[in-house]
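Participant: What follows is model04.csv, made up of CSV, C-alpha atoms:
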```csv
chain,number,residue,atom,x,y,z
A,267,MET,CA,-31.2,-14.6,-5.6
A,268,ASN,CA,-27.7,-13.1,-5.9
A,269,LYS,CA,-28.7,-10.2,-3.6
A,270,ILE,CA,-30.1,-12.6,-1.0
A,271,LEU,CA,-26.9,-14.6,-1.0
A,272,ALA,CA,-24.9,-11.4,-0.8
A,273,TYR,CA,-26.1,-10.6,2.7
A,274,PRO,CA,-24.5,-13.5,4.6
A,275,LEU,CA,-21.4,-13.4,2.4
A,276,THR,CA,-21.0,-9.7,3.1
A,277,VAL,CA,-21.1,-10.3,6.8
A,278,ILE,CA,-18.4,-12.9,6.5
A,279,TYR,CA,-16.4,-10.6,4.3
A,280,LEU,CA,-16.7,-7.6,6.6
A,281,LEU,CA,-15.5,-9.7,9.6
A,282,CYS,CA,-12.4,-10.9,7.6
A,283,PHE,CA,-11.7,-7.5,6.2
A,284,GLY,CA,-12.0,-5.8,9.6
A,285,LEU,CA,-9.8,-8.5,11.2
A,286,THR,CA,-7.2,-8.0,8.5
A,287,LEU,CA,-7.0,-4.3,9.2
A,288,VAL,CA,-6.8,-4.7,12.9
A,289,VAL,CA,-4.1,-7.4,12.7
A,290,PHE,CA,-1.9,-5.4,10.3
A,291,HIS,CA,-2.1,-2.1,12.2
A,292,PRO,CA,0.4,-3.1,15.0
A,293,ILE,CA,2.5,-5.0,12.4
A,294,GLN,CA,2.8,-1.8,10.4
A,295,TRP,CA,3.6,0.3,13.5
A,296,PHE,CA,6.3,-2.1,14.5
A,297,CYS,CA,7.8,-2.3,11.0
A,298,PHE,CA,7.8,1.5,10.5
A,299,ASN,CA,9.1,2.5,13.9
A,300,VAL,CA,11.6,-0.3,14.6
A,301,LEU,CA,12.6,-1.8,11.2
A,302,GLY,CA,12.3,1.1,8.8
A,303,TYR,CA,10.8,1.8,5.4
A,304,LYS,CA,11.6,-1.5,3.6
A,305,ALA,CA,9.9,-3.6,6.3
A,306,HIS,CA,7.0,-1.3,6.5
A,307,LYS,CA,6.4,-1.5,2.8
A,308,THR,CA,6.6,-5.2,2.9
A,309,SER,CA,3.9,-5.3,5.6
A,310,VAL,CA,1.7,-2.9,3.5
A,311,ASP,CA,2.2,-5.1,0.4
A,312,TRP,CA,0.9,-8.2,2.4
A,313,LEU,CA,-1.9,-6.1,3.8
A,314,GLN,CA,-3.1,-5.5,0.2
A,315,PHE,CA,-2.8,-9.2,-0.6
A,316,PHE,CA,-5.0,-10.3,2.3
A,317,ILE,CA,-7.5,-7.5,1.6
A,318,MET,CA,-7.9,-9.0,-1.9
A,319,ARG,CA,-8.2,-12.5,-0.4
A,320,SER,CA,-11.0,-11.3,1.8
A,321,THR,CA,-12.9,-10.2,-1.2
A,322,ASN,CA,-12.6,-13.6,-2.7
A,323,LEU,CA,-15.2,-14.6,-0.1
A,324,LEU,CA,-17.6,-12.6,-2.2
A,325,GLY,CA,-16.7,-14.5,-5.3
A,326,THR,CA,-14.5,-11.6,-6.5
A,327,ARG,CA,-11.8,-12.4,-9.1
A,328,TYR,CA,-9.0,-10.2,-10.3
A,329,THR,CA,-7.2,-10.0,-13.6
A,330,PHE,CA,-4.3,-7.6,-13.9
A,331,THR,CA,-2.9,-7.5,-17.4
A,332,ASN,CA,0.5,-5.9,-17.8
A,333,PRO,CA,2.4,-7.0,-20.9
A,334,TYR,CA,5.1,-4.3,-20.4
A,335,GLN,CA,8.5,-4.6,-18.7
A,336,ILE,CA,8.6,-1.3,-16.7
A,337,ASP,CA,12.0,-0.5,-15.2
A,338,THR,CA,12.1,0.2,-11.5
A,339,ASP,CA,14.9,2.8,-11.7
A,340,GLN,CA,12.6,5.6,-12.8
A,341,PRO,CA,9.7,7.5,-11.2
A,342,LEU,CA,6.2,6.6,-12.5
A,343,ILE,CA,2.9,8.4,-12.7
A,344,ILE,CA,0.2,5.8,-12.7
A,345,VAL,CA,-3.0,7.3,-14.1
A,346,ALA,CA,-6.3,5.3,-13.7
A,347,ASN,CA,-10.0,5.7,-13.7
A,348,HIS,CA,-11.7,5.4,-10.4
A,349,GLN,CA,-14.7,3.2,-9.6
A,350,SER,CA,-14.4,2.2,-5.9
A,351,MET,CA,-12.1,1.7,-3.0
A,352,TYR,CA,-11.4,-1.8,-4.5
A,353,ASP,CA,-9.2,-0.2,-7.2
A,354,ILE,CA,-6.5,0.4,-4.6
A,355,SER,CA,-5.3,-2.9,-3.4
A,356,PRO,CA,-4.7,-4.5,-6.8
A,357,ILE,CA,-2.7,-1.6,-8.0
A,358,MET,CA,-0.6,-1.7,-4.8
A,359,TRP,CA,-0.1,-5.4,-5.0
A,360,TYR,CA,0.5,-6.0,-8.7
A,361,MET,CA,2.7,-2.8,-9.0
A,362,ARG,CA,4.4,-3.3,-5.7
A,363,LYS,CA,7.9,-3.3,-7.0
A,364,HIS,CA,7.4,0.3,-8.1
A,365,HIS,CA,6.4,1.5,-4.6
A,366,PRO,CA,3.0,3.0,-5.5
A,367,LYS,CA,2.0,6.1,-3.4
A,368,PHE,CA,-1.4,7.8,-3.6
A,369,ILE,CA,-3.0,11.2,-3.7
A,370,SER,CA,-5.9,10.7,-1.2
A,371,LYS,CA,-8.5,12.9,0.4
A,372,GLN,CA,-7.5,13.9,3.9
A,373,GLU,CA,-10.6,12.2,5.5
A,374,LEU,CA,-8.9,8.9,4.9
A,375,GLY,CA,-6.0,9.8,7.0
A,376,LYS,CA,-7.7,9.0,10.3
A,377,GLY,CA,-10.0,6.5,11.8
A,378,ILE,CA,-9.3,3.5,9.5
A,379,PRO,CA,-6.9,0.9,11.1
A,380,SER,CA,-3.9,0.1,8.8
A,381,VAL,CA,-5.2,2.2,5.9
A,382,SER,CA,-5.0,5.6,7.6
A,383,TYR,CA,-1.6,4.7,9.2
A,384,ASN,CA,-0.1,3.8,5.8
A,385,LEU,CA,-1.5,6.9,4.2
A,386,ARG,CA,0.1,9.1,6.9
A,387,HIS,CA,3.5,7.3,7.1
A,388,GLY,CA,4.0,5.3,3.9
A,389,GLY,CA,4.7,8.2,1.5
A,390,SER,CA,1.3,9.1,0.2
A,391,VAL,CA,-0.2,12.6,0.4
A,392,LEU,CA,-3.4,13.6,2.0
A,393,ILE,CA,-5.2,16.7,0.5
A,394,ASP,CA,-8.2,18.8,1.2
A,395,ARG,CA,-9.9,18.7,-2.2
A,396,LYS,CA,-11.9,21.9,-1.3
A,397,ASN,CA,-8.8,23.9,-0.4
A,398,PRO,CA,-6.4,24.5,-3.3
A,399,ARG,CA,-4.1,26.5,-1.0
A,400,GLN,CA,-3.5,23.3,0.9
A,401,SER,CA,-3.8,20.7,-1.9
A,402,LEU,CA,-1.6,22.2,-4.6
A,403,PRO,CA,1.5,22.7,-2.4
A,404,ALA,CA,1.0,19.2,-1.0
A,405,ILE,CA,0.9,17.7,-4.4
A,406,MET,CA,4.0,19.7,-5.4
A,407,LYS,CA,5.9,18.4,-2.4
A,408,PHE,CA,4.6,14.9,-3.2
A,409,GLY,CA,5.8,15.1,-6.8
A,410,GLU,CA,9.3,16.2,-5.6
A,411,TYR,CA,9.4,13.2,-3.3
A,412,ILE,CA,8.5,10.8,-6.2
A,413,GLU,CA,11.1,12.3,-8.5
A,414,GLU,CA,13.8,12.0,-5.8
A,415,THR,CA,12.9,8.5,-4.7
A,416,LYS,CA,12.0,7.0,-8.1
A,417,ARG,CA,8.8,5.6,-6.8
A,418,ALA,CA,5.3,5.7,-8.3
A,419,ALA,CA,2.6,8.4,-7.9
A,420,VAL,CA,-0.9,7.1,-8.4
A,421,ILE,CA,-3.6,9.6,-9.4
A,422,PHE,CA,-7.3,9.2,-10.2
A,423,PRO,CA,-7.9,12.3,-12.3
A,424,GLU,CA,-11.7,11.9,-12.4
A,425,GLY,CA,-11.6,13.3,-8.9
A,426,THR,CA,-14.5,11.2,-7.6
A,427,ARG,CA,-15.6,7.6,-8.1
A,428,SER,CA,-17.8,6.5,-10.9
A,429,LYS,CA,-20.8,4.8,-9.4
A,430,ASN,CA,-21.9,3.0,-12.6
A,431,GLY,CA,-18.6,2.5,-14.4
A,432,GLU,CA,-19.1,5.4,-16.9
A,433,PRO,CA,-15.8,7.4,-17.1
A,434,LYS,CA,-15.9,11.0,-15.9
A,435,PRO,CA,-13.9,13.8,-17.5
A,436,PHE,CA,-10.4,14.3,-16.1
A,437,GLN,CA,-9.7,17.1,-13.7
A,438,THR,CA,-6.3,18.1,-15.0
A,439,LYS,CA,-4.7,20.3,-12.3
A,440,GLY,CA,-3.2,17.5,-10.3
A,441,LEU,CA,-1.8,15.8,-13.4
A,442,GLU,CA,-0.3,19.1,-14.5
A,443,VAL,CA,1.4,19.6,-11.2
A,444,LEU,CA,2.9,16.1,-11.2
A,445,PHE,CA,4.1,16.6,-14.8
A,446,LYS,CA,6.0,19.7,-13.6
A,447,LYS,CA,7.5,18.1,-10.5
A,448,ILE,CA,8.3,14.7,-11.9
A,449,PRO,CA,10.0,15.6,-15.2
A,450,SER,CA,11.8,12.2,-15.6
A,451,ALA,CA,8.6,10.2,-15.1
A,452,THR,CA,7.2,7.4,-17.2
A,453,ILE,CA,3.4,7.6,-17.3
A,454,VAL,CA,1.5,4.3,-16.9
A,455,PRO,CA,-2.2,4.5,-17.9
A,456,ILE,CA,-4.5,1.8,-16.4
A,457,SER,CA,-8.1,1.1,-17.3
A,458,ILE,CA,-10.2,-0.4,-14.5
A,459,ASN,CA,-13.4,-2.4,-15.2
A,460,ASN,CA,-16.1,-3.8,-12.9
A,461,SER,CA,-14.8,-2.4,-9.6
A,462,TRP,CA,-18.0,-0.3,-9.2
A,463,LYS,CA,-20.1,-3.5,-9.2
A,464,MET,CA,-18.7,-4.3,-5.7
A,465,LEU,CA,-21.0,-1.5,-4.5
A,466,ARG,CA,-23.8,-2.0,-6.9
A,467,TYR,CA,-26.3,-2.4,-4.0
A,468,GLY,CA,-24.8,0.3,-1.9
A,469,LYS,CA,-22.5,-0.3,1.1
A,470,PHE,CA,-24.5,-3.3,2.2
A,471,PRO,CA,-24.8,-5.9,0.9
A,472,MET,CA,-21.7,-6.1,-1.3
A,473,GLY,CA,-21.9,-7.1,-4.9
A,474,ILE,CA,-20.9,-10.7,-5.4
A,475,GLY,CA,-19.3,-12.8,-8.2
A,476,ASN,CA,-17.5,-9.8,-9.8
A,477,HIS,CA,-14.5,-10.1,-12.1
A,478,LEU,CA,-12.3,-7.0,-11.6
A,479,LYS,CA,-10.1,-6.3,-14.6
A,480,PHE,CA,-7.1,-4.0,-14.7
A,481,THR,CA,-5.4,-3.3,-18.0
A,482,VAL,CA,-2.0,-1.6,-18.2
A,483,HIS,CA,-1.5,0.4,-21.4
A,484,GLN,CA,1.7,1.4,-23.2
A,485,PRO,CA,3.9,3.4,-20.9
A,486,ILE,CA,4.7,6.9,-22.1
A,487,LYS,CA,7.9,8.9,-21.4
A,488,LEU,CA,6.8,12.3,-20.2
A,489,ALA,CA,9.8,13.9,-21.8
A,490,THR,CA,8.7,12.9,-25.3
A,491,PHE,CA,5.6,15.2,-25.1
A,492,THR,CA,6.1,18.9,-25.3
A,493,ASN,CA,2.3,19.6,-25.5
A,494,ARG,CA,1.0,18.6,-22.1
A,495,GLU,CA,-2.6,19.2,-22.9
A,496,GLU,CA,-2.3,16.8,-25.9
A,497,LEU,CA,-0.7,14.3,-23.6
A,498,ILE,CA,-3.5,14.5,-21.1
A,499,ARG,CA,-6.1,14.0,-23.8
A,500,THR,CA,-4.1,11.0,-25.1
A,501,ILE,CA,-4.0,9.4,-21.7
A,502,GLU,CA,-7.7,10.1,-21.0
A,503,HIS,CA,-8.7,8.6,-24.4
A,504,THR,CA,-6.5,5.5,-23.9
A,505,ILE,CA,-8.1,4.8,-20.4
A,506,SER,CA,-11.7,5.7,-21.2
A,507,SER,CA,-11.8,3.8,-24.5
A,508,ASN,CA,-11.0,0.6,-22.7
A,509,ILE,CA,-13.7,0.9,-20.0
A,510,ASN,CA,-16.8,-1.2,-20.5
A,511,PRO,CA,-19.5,-0.2,-18.0
```
Hey, can you dump this file as structure tokens for me?
Facilitator:
Amino acid sequence: MNKILAYPLTVIYLLCFGLTLVVFHPIQWFCFNVLGYKAHKTSVDWLQFFIMRSTNLLGTRYTFTNPYQIDTDQPLIIVANHQSMYDISPIMWYMRKHHPKFISKQELGKGIPSVSYNLRHGGSVLIDRKNPRQSLPAIMKFGEYIEETKRAAVIFPEGTRSKNGEPKPFQTKGLEVLFKKIPSATIVPISINNSWKMLRYGKFPMGIGNHLKFTVHQPIKLATFTNREELIRTIEHTISSNINP
């Protein structure tokens, strides 16, 4: 019954989602080119808000639990598991005061209204995951940008999305580069649950009635760990032990 109901709701959602992207694209362009970074970021923040509201049409609910007061005068490395594209907007909206920027695959940098524009112009980095000669220098430069601006780098170390919620082993190279280039960072681990259920039937229809849960764990000062391998293991264990497929 749920899957049958999902078909018309998905059509309505896709119309609203597409309209949101189309409407915000020229708004972003104007803000970026005429008003500058602050206005552009505000437009991107509200884009994420309306993307989330679009998913409410599918019965989607969000809980973002963050009991910590995280200062904004420091760079962050936000580390999370990755279950679907629906991980992105809640992190951007609920962590917006930290200016989250993403390490994204280069394919997302073109062809998607609003999304591609923000990835190209908003401070994120686009990498070719199959080409270390491109990706590693790009991540290094990205890390230097985060260190300088005291913004937040968001990385999904699993590398690819989990299609069933089961956590995948971390690919550590990207994290190691960020640790080196953002030495003053505070690391913020986040566990994401139920995002994969949005695509439980594939791309069409969407999953309905899902409760997406984001849990922020105890922030960690990078400088307090001299053994970076141990630190990565600690972060991975913290995140994965709080995932409930």
Participant: Do you have the CA of Ile378 in chain A-CA of Gly473 in chain A distance handy?
Facilitator: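 Straight-line distance from CA of Ile378 in chain A to CA of Gly473 in chain A works out to 21.9 Å.
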Participant: Show me a table, sorted first by chain and then by increasing residue number, of the residues of range 272-388 of chain A having an atom at most 7 Å from range 481-487 of chain A, each with its shortest atom pair and the distance in Å to one decimal, counting all atoms listed in the file and written as CSV.
Facilitator:
```
residue,atom,partner,partner_atom,distance
A:Phe330,CA,A:Thr481,CA,6.0
A:Thr331,CA,A:Thr481,CA,4.9
A:Asn332,CA,A:Val482,CA,5.0
```
Participant: I'd like the contact shell of range 315-322 of chain A - 12 Å cut-off, all atoms listed in the file, skipping same-chain residues fewer than 4 positions apart - returned as JSON, numbers by chain.
Facilitator: {"A": [275, 276, 277, 278, 279, 280, 281, 282, 283, 284, 285, 286, 287, 288, 289, 290, 308, 309, 310, 311, 326, 327, 328, 329, 351, 352, 353, 354, 355, 356, 357, 358, 359, 360, 361, 362, 380, 381, 461, 464, 472, 473, 474, 475, 476, 477, 478]}
Participant: Choose the residue, out of A:Thr504, A:Thr492, A:Gln314, A:Gln294, that has the smallest atom-to-atom separation from Pro379 in chain A; count all atoms listed in the file.
Facilitator: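 Among A:Thr504, A:Thr492, A:Gln314, A:Gln294, it is A:Gln294 that comes nearest to Pro379 in chain A.
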Participant: With distances taken over all atoms listed in the file, which of A:Leu313, A:Leu324, A:Ile505, A:Ile412 is nearest to Gln340 in chain A?
Facilitator: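 Checking each of A:Leu313, A:Leu324, A:Ile505, A:Ile412 against Gln340 in chain A, counting all atoms listed in the file, the winner is A:Ile412.
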Participant: At a cut-off of 8 Å from (-5.4, 3.3, -15.3) in the coordinates of the file, what residues are picked up using all atoms listed in the file, written as a PyMOL selection string?
Facilitator: chain A and resi 344-347+454-458+480-483+505
Participant: Those selected residues, please, written with C-alpha atoms and delivered as an mmCIF file, keeping the file's coordinate frame.
Facilitator:
```cif
data_model
loop_
_atom_site.group_PDB
_atom_site.id
_atom_site.type_symbol
_atom_site.label_atom_id
_atom_site.label_comp_id
_atom_site.auth_asym_id
_atom_site.auth_seq_id
_atom_site.Cartn_x
_atom_site.Cartn_y
_atom_site.Cartn_z
ATOM 1 C CA ILE A 344 0.200 5.800 -12.700
ATOM 2 C CA VAL A 345 -3.000 7.300 -14.100
ATOM 3 C CA ALA A 346 -6.300 5.300 -13.700
ATOM 4 C CA ASN A 347 -10.000 5.700 -13.700
ATOM 5 C CA VAL A 454 1.500 4.300 -16.900
ATOM 6 C CA PRO A 455 -2.200 4.500 -17.900
ATOM 7 C CA ILE A 456 -4.500 1.800 -16.400
ATOM 8 C CA SER A 457 -8.100 1.100 -17.300
ATOM 9 C CA ILE A 458 -10.200 -0.400 -14.500
ATOM 10 C CA PHE A 480 -7.100 -4.000 -14.700
ATOM 11 C CA THR A 481 -5.400 -3.300 -18.000
ATOM 12 C CA VAL A 482 -2.000 -1.600 -18.200
ATOM 13 C CA HIS A 483 -1.500 0.400 -21.400
ATOM 14 C CA ILE A 505 -8.100 4.800 -20.400
#
```
Participant: Record the distance separating CA of Glu432 in chain A and CA of Ser370 in chain A, expressed in Å with one decimal.
Facilitator: 21.2 Å
Participant: Could you tell me how far CA of Arg494 in chain A sits from CA of Asn459 in chain A, in Å to one decimal place?
Facilitator: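 Taking CA of Asn459 in chain A as the start and CA of Arg494 in chain A as the end point, the length is 26.4 Å.
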Participant: Restricting the calculation to all atoms listed in the file: of A:His387, A:Lys447, A:Lys416, A:Lys376, which residue gets closest to Gly302 in chain A?
Facilitator: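 Going through A:His387, A:Lys447, A:Lys416, A:Lys376 one by one, the smallest distance to Gly302 in chain A is for A:His387.
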Participant: Counting only C-alpha atoms, which residues of range 422-455 of chain A fall within 12 Å of range 391-404 of chain A, and what is the closest atom pair for each with its distance in Å at one decimal, ordered by chain and rising number, as a tab-separated table?
Facilitator:
```
residue	atom	partner	partner_atom	distance
A:Gly425	CA	A:Arg395	CA	8.8
A:Thr426	CA	A:Arg395	CA	10.3
A:Gln437	CA	A:Arg395	CA	11.6
A:Lys439	CA	A:Leu402	CA	8.5
A:Gly440	CA	A:Leu402	CA	7.6
A:Leu441	CA	A:Leu402	CA	10.9
A:Glu442	CA	A:Leu402	CA	10.5
A:Val443	CA	A:Leu402	CA	7.7
A:Leu444	CA	A:Leu402	CA	10.1
A:Lys447	CA	A:Pro403	CA	11.1
```
Participant: Measuring between only C-alpha atoms, which one of A:Pro333, A:Tyr383, A:Lys407, A:Pro471 shows the shortest distance to Phe296 in chain A?
Facilitator: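 Closest to Phe296 in chain A of all the choices is A:Tyr383.
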Participant: Taking all heavy atoms as the atom set, what does range 309-320 of chain A look like once completed, written as a PDB file, keeping the file's coordinate frame?
Facilitator:
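Just written: result30.pdb:
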```pdb
ATOM      1  N   SER A 309       5.107  -5.004   4.847  1.00  0.00           N
ATOM      2  CA  SER A 309       3.900  -5.300   5.600  1.00  0.00           C
ATOM      3  C   SER A 309       2.672  -4.686   4.897  1.00  0.00           C
ATOM      4  O   SER A 309       1.593  -5.296   4.896  1.00  0.00           O
ATOM      5  CB  SER A 309       4.003  -4.643   7.023  1.00  0.00           C
ATOM      6  OG  SER A 309       3.929  -3.227   7.003  1.00  0.00           O
ATOM      7  N   VAL A 310       2.836  -3.534   4.250  1.00  0.00           N
ATOM      8  CA  VAL A 310       1.700  -2.900   3.500  1.00  0.00           C
ATOM      9  C   VAL A 310       1.394  -3.754   2.273  1.00  0.00           C
ATOM     10  O   VAL A 310       0.213  -3.938   1.926  1.00  0.00           O
ATOM     11  CB  VAL A 310       2.064  -1.471   3.132  1.00  0.00           C
ATOM     12  CG1 VAL A 310       1.017  -0.887   2.178  1.00  0.00           C
ATOM     13  CG2 VAL A 310       2.166  -0.609   4.383  1.00  0.00           C
ATOM     14  N   ASP A 311       2.400  -4.274   1.595  1.00  0.00           N
ATOM     15  CA  ASP A 311       2.200  -5.100   0.400  1.00  0.00           C
ATOM     16  C   ASP A 311       1.310  -6.345   0.831  1.00  0.00           C
ATOM     17  O   ASP A 311       0.327  -6.681   0.147  1.00  0.00           O
ATOM     18  CB  ASP A 311       3.486  -5.633  -0.151  1.00  0.00           C
ATOM     19  CG  ASP A 311       4.283  -4.532  -0.834  1.00  0.00           C
ATOM     20  OD1 ASP A 311       3.703  -3.480  -1.136  1.00  0.00           O
ATOM     21  OD2 ASP A 311       5.496  -4.737  -1.058  1.00  0.00           O
ATOM     22  N   TRP A 312       1.665  -6.984   1.935  1.00  0.00           N
ATOM     23  CA  TRP A 312       0.900  -8.200   2.400  1.00  0.00           C
ATOM     24  C   TRP A 312      -0.458  -7.813   2.892  1.00  0.00           C
ATOM     25  O   TRP A 312      -1.400  -8.607   2.784  1.00  0.00           O
ATOM     26  CB  TRP A 312       1.731  -8.975   3.354  1.00  0.00           C
ATOM     27  CG  TRP A 312       2.819  -9.728   2.654  1.00  0.00           C
ATOM     28  CD1 TRP A 312       4.144  -9.438   2.608  1.00  0.00           C
ATOM     29  CD2 TRP A 312       2.642 -10.883   1.831  1.00  0.00           C
ATOM     30  NE1 TRP A 312       4.816 -10.330   1.818  1.00  0.00           N
ATOM     31  CE2 TRP A 312       3.923 -11.244   1.327  1.00  0.00           C
ATOM     32  CE3 TRP A 312       1.541 -11.659   1.464  1.00  0.00           C
ATOM     33  CZ2 TRP A 312       4.106 -12.331   0.480  1.00  0.00           C
ATOM     34  CZ3 TRP A 312       1.733 -12.759   0.627  1.00  0.00           C
ATOM     35  CH2 TRP A 312       3.003 -13.078   0.156  1.00  0.00           C
ATOM     36  N   LEU A 313      -0.592  -6.612   3.426  1.00  0.00           N
ATOM     37  CA  LEU A 313      -1.900  -6.100   3.800  1.00  0.00           C
ATOM     38  C   LEU A 313      -2.824  -6.103   2.557  1.00  0.00           C
ATOM     39  O   LEU A 313      -3.976  -6.567   2.610  1.00  0.00           O
ATOM     40  CB  LEU A 313      -1.822  -4.726   4.396  1.00  0.00           C
ATOM     41  CG  LEU A 313      -3.145  -3.951   4.555  1.00  0.00           C
ATOM     42  CD1 LEU A 313      -4.050  -4.635   5.569  1.00  0.00           C
ATOM     43  CD2 LEU A 313      -2.854  -2.502   4.963  1.00  0.00           C
ATOM     44  N   GLN A 314      -2.310  -5.591   1.443  1.00  0.00           N
ATOM     45  CA  GLN A 314      -3.100  -5.500   0.200  1.00  0.00           C
ATOM     46  C   GLN A 314      -3.465  -6.947  -0.273  1.00  0.00           C
ATOM     47  O   GLN A 314      -4.592  -7.192  -0.730  1.00  0.00           O
ATOM     48  CB  GLN A 314      -2.365  -4.782  -0.890  1.00  0.00           C
ATOM     49  CG  GLN A 314      -1.816  -3.435  -0.498  1.00  0.00           C
ATOM     50  CD  GLN A 314      -2.798  -2.584   0.286  1.00  0.00           C
ATOM     51  OE1 GLN A 314      -3.978  -2.473  -0.065  1.00  0.00           O
ATOM     52  NE2 GLN A 314      -2.306  -1.952   1.340  1.00  0.00           N
ATOM     53  N   PHE A 315      -2.519  -7.852  -0.174  1.00  0.00           N
ATOM     54  CA  PHE A 315      -2.800  -9.200  -0.600  1.00  0.00           C
ATOM     55  C   PHE A 315      -3.930  -9.837   0.189  1.00  0.00           C
ATOM     56  O   PHE A 315      -4.843 -10.443  -0.387  1.00  0.00           O
ATOM     57  CB  PHE A 315      -1.504 -10.069  -0.408  1.00  0.00           C
ATOM     58  CG  PHE A 315      -1.686 -11.533  -0.708  1.00  0.00           C
ATOM     59  CD1 PHE A 315      -1.617 -11.991  -2.010  1.00  0.00           C
ATOM     60  CD2 PHE A 315      -1.928 -12.449   0.313  1.00  0.00           C
ATOM     61  CE1 PHE A 315      -1.800 -13.348  -2.294  1.00  0.00           C
ATOM     62  CE2 PHE A 315      -2.107 -13.796   0.039  1.00  0.00           C
ATOM     63  CZ  PHE A 315      -2.038 -14.241  -1.274  1.00  0.00           C
ATOM     64  N   PHE A 316      -3.925  -9.648   1.508  1.00  0.00           N
ATOM     65  CA  PHE A 316      -5.000 -10.300   2.300  1.00  0.00           C
ATOM     66  C   PHE A 316      -6.304  -9.517   2.206  1.00  0.00           C
ATOM     67  O   PHE A 316      -7.371 -10.142   2.363  1.00  0.00           O
ATOM     68  CB  PHE A 316      -4.515 -10.349   3.783  1.00  0.00           C
ATOM     69  CG  PHE A 316      -3.549 -11.476   4.024  1.00  0.00           C
ATOM     70  CD1 PHE A 316      -2.194 -11.242   4.214  1.00  0.00           C
ATOM     71  CD2 PHE A 316      -3.994 -12.791   4.031  1.00  0.00           C
ATOM     72  CE1 PHE A 316      -1.308 -12.283   4.406  1.00  0.00           C
ATOM     73  CE2 PHE A 316      -3.114 -13.851   4.216  1.00  0.00           C
ATOM     74  CZ  PHE A 316      -1.765 -13.591   4.413  1.00  0.00           C
ATOM     75  N   ILE A 317      -6.269  -8.228   1.902  1.00  0.00           N
ATOM     76  CA  ILE A 317      -7.500  -7.500   1.600  1.00  0.00           C
ATOM     77  C   ILE A 317      -8.158  -8.136   0.353  1.00  0.00           C
ATOM     78  O   ILE A 317      -9.367  -8.404   0.310  1.00  0.00           O
ATOM     79  CB  ILE A 317      -7.275  -6.025   1.413  1.00  0.00           C
ATOM     80  CG1 ILE A 317      -6.978  -5.360   2.763  1.00  0.00           C
ATOM     81  CG2 ILE A 317      -8.497  -5.354   0.763  1.00  0.00           C
ATOM     82  CD1 ILE A 317      -6.605  -3.899   2.659  1.00  0.00           C
ATOM     83  N   MET A 318      -7.346  -8.388  -0.658  1.00  0.00           N
ATOM     84  CA  MET A 318      -7.900  -9.000  -1.900  1.00  0.00           C
ATOM     85  C   MET A 318      -8.386 -10.412  -1.608  1.00  0.00           C
ATOM     86  O   MET A 318      -9.436 -10.819  -2.132  1.00  0.00           O
ATOM     87  CB  MET A 318      -6.774  -9.040  -2.948  1.00  0.00           C
ATOM     88  CG  MET A 318      -6.378  -7.668  -3.466  1.00  0.00           C
ATOM     89  SD  MET A 318      -4.881  -7.707  -4.479  1.00  0.00           S
ATOM     90  CE  MET A 318      -5.416  -8.730  -5.848  1.00  0.00           C
ATOM     91  N   ARG A 319      -7.695 -11.176  -0.771  1.00  0.00           N
ATOM     92  CA  ARG A 319      -8.200 -12.500  -0.400  1.00  0.00           C
ATOM     93  C   ARG A 319      -9.485 -12.473   0.314  1.00  0.00           C
ATOM     94  O   ARG A 319     -10.332 -13.354   0.165  1.00  0.00           O
ATOM     95  CB  ARG A 319      -7.103 -13.272   0.373  1.00  0.00           C
ATOM     96  CG  ARG A 319      -5.763 -13.469  -0.311  1.00  0.00           C
ATOM     97  CD  ARG A 319      -5.837 -14.417  -1.518  1.00  0.00           C
ATOM     98  NE  ARG A 319      -6.469 -13.871  -2.704  1.00  0.00           N
ATOM     99  CZ  ARG A 319      -5.863 -13.039  -3.560  1.00  0.00           C
ATOM    100  NH1 ARG A 319      -4.637 -12.621  -3.344  1.00  0.00           N
ATOM    101  NH2 ARG A 319      -6.500 -12.618  -4.626  1.00  0.00           N
ATOM    102  N   SER A 320      -9.681 -11.429   1.109  1.00  0.00           N
ATOM    103  CA  SER A 320     -11.000 -11.300   1.800  1.00  0.00           C
ATOM    104  C   SER A 320     -12.099 -11.106   0.812  1.00  0.00           C
ATOM    105  O   SER A 320     -13.182 -11.669   0.996  1.00  0.00           O
ATOM    106  CB  SER A 320     -10.906 -10.063   2.749  1.00  0.00           C
ATOM    107  OG  SER A 320      -9.969 -10.245   3.784  1.00  0.00           O
TER     108      SER A 320
END
```
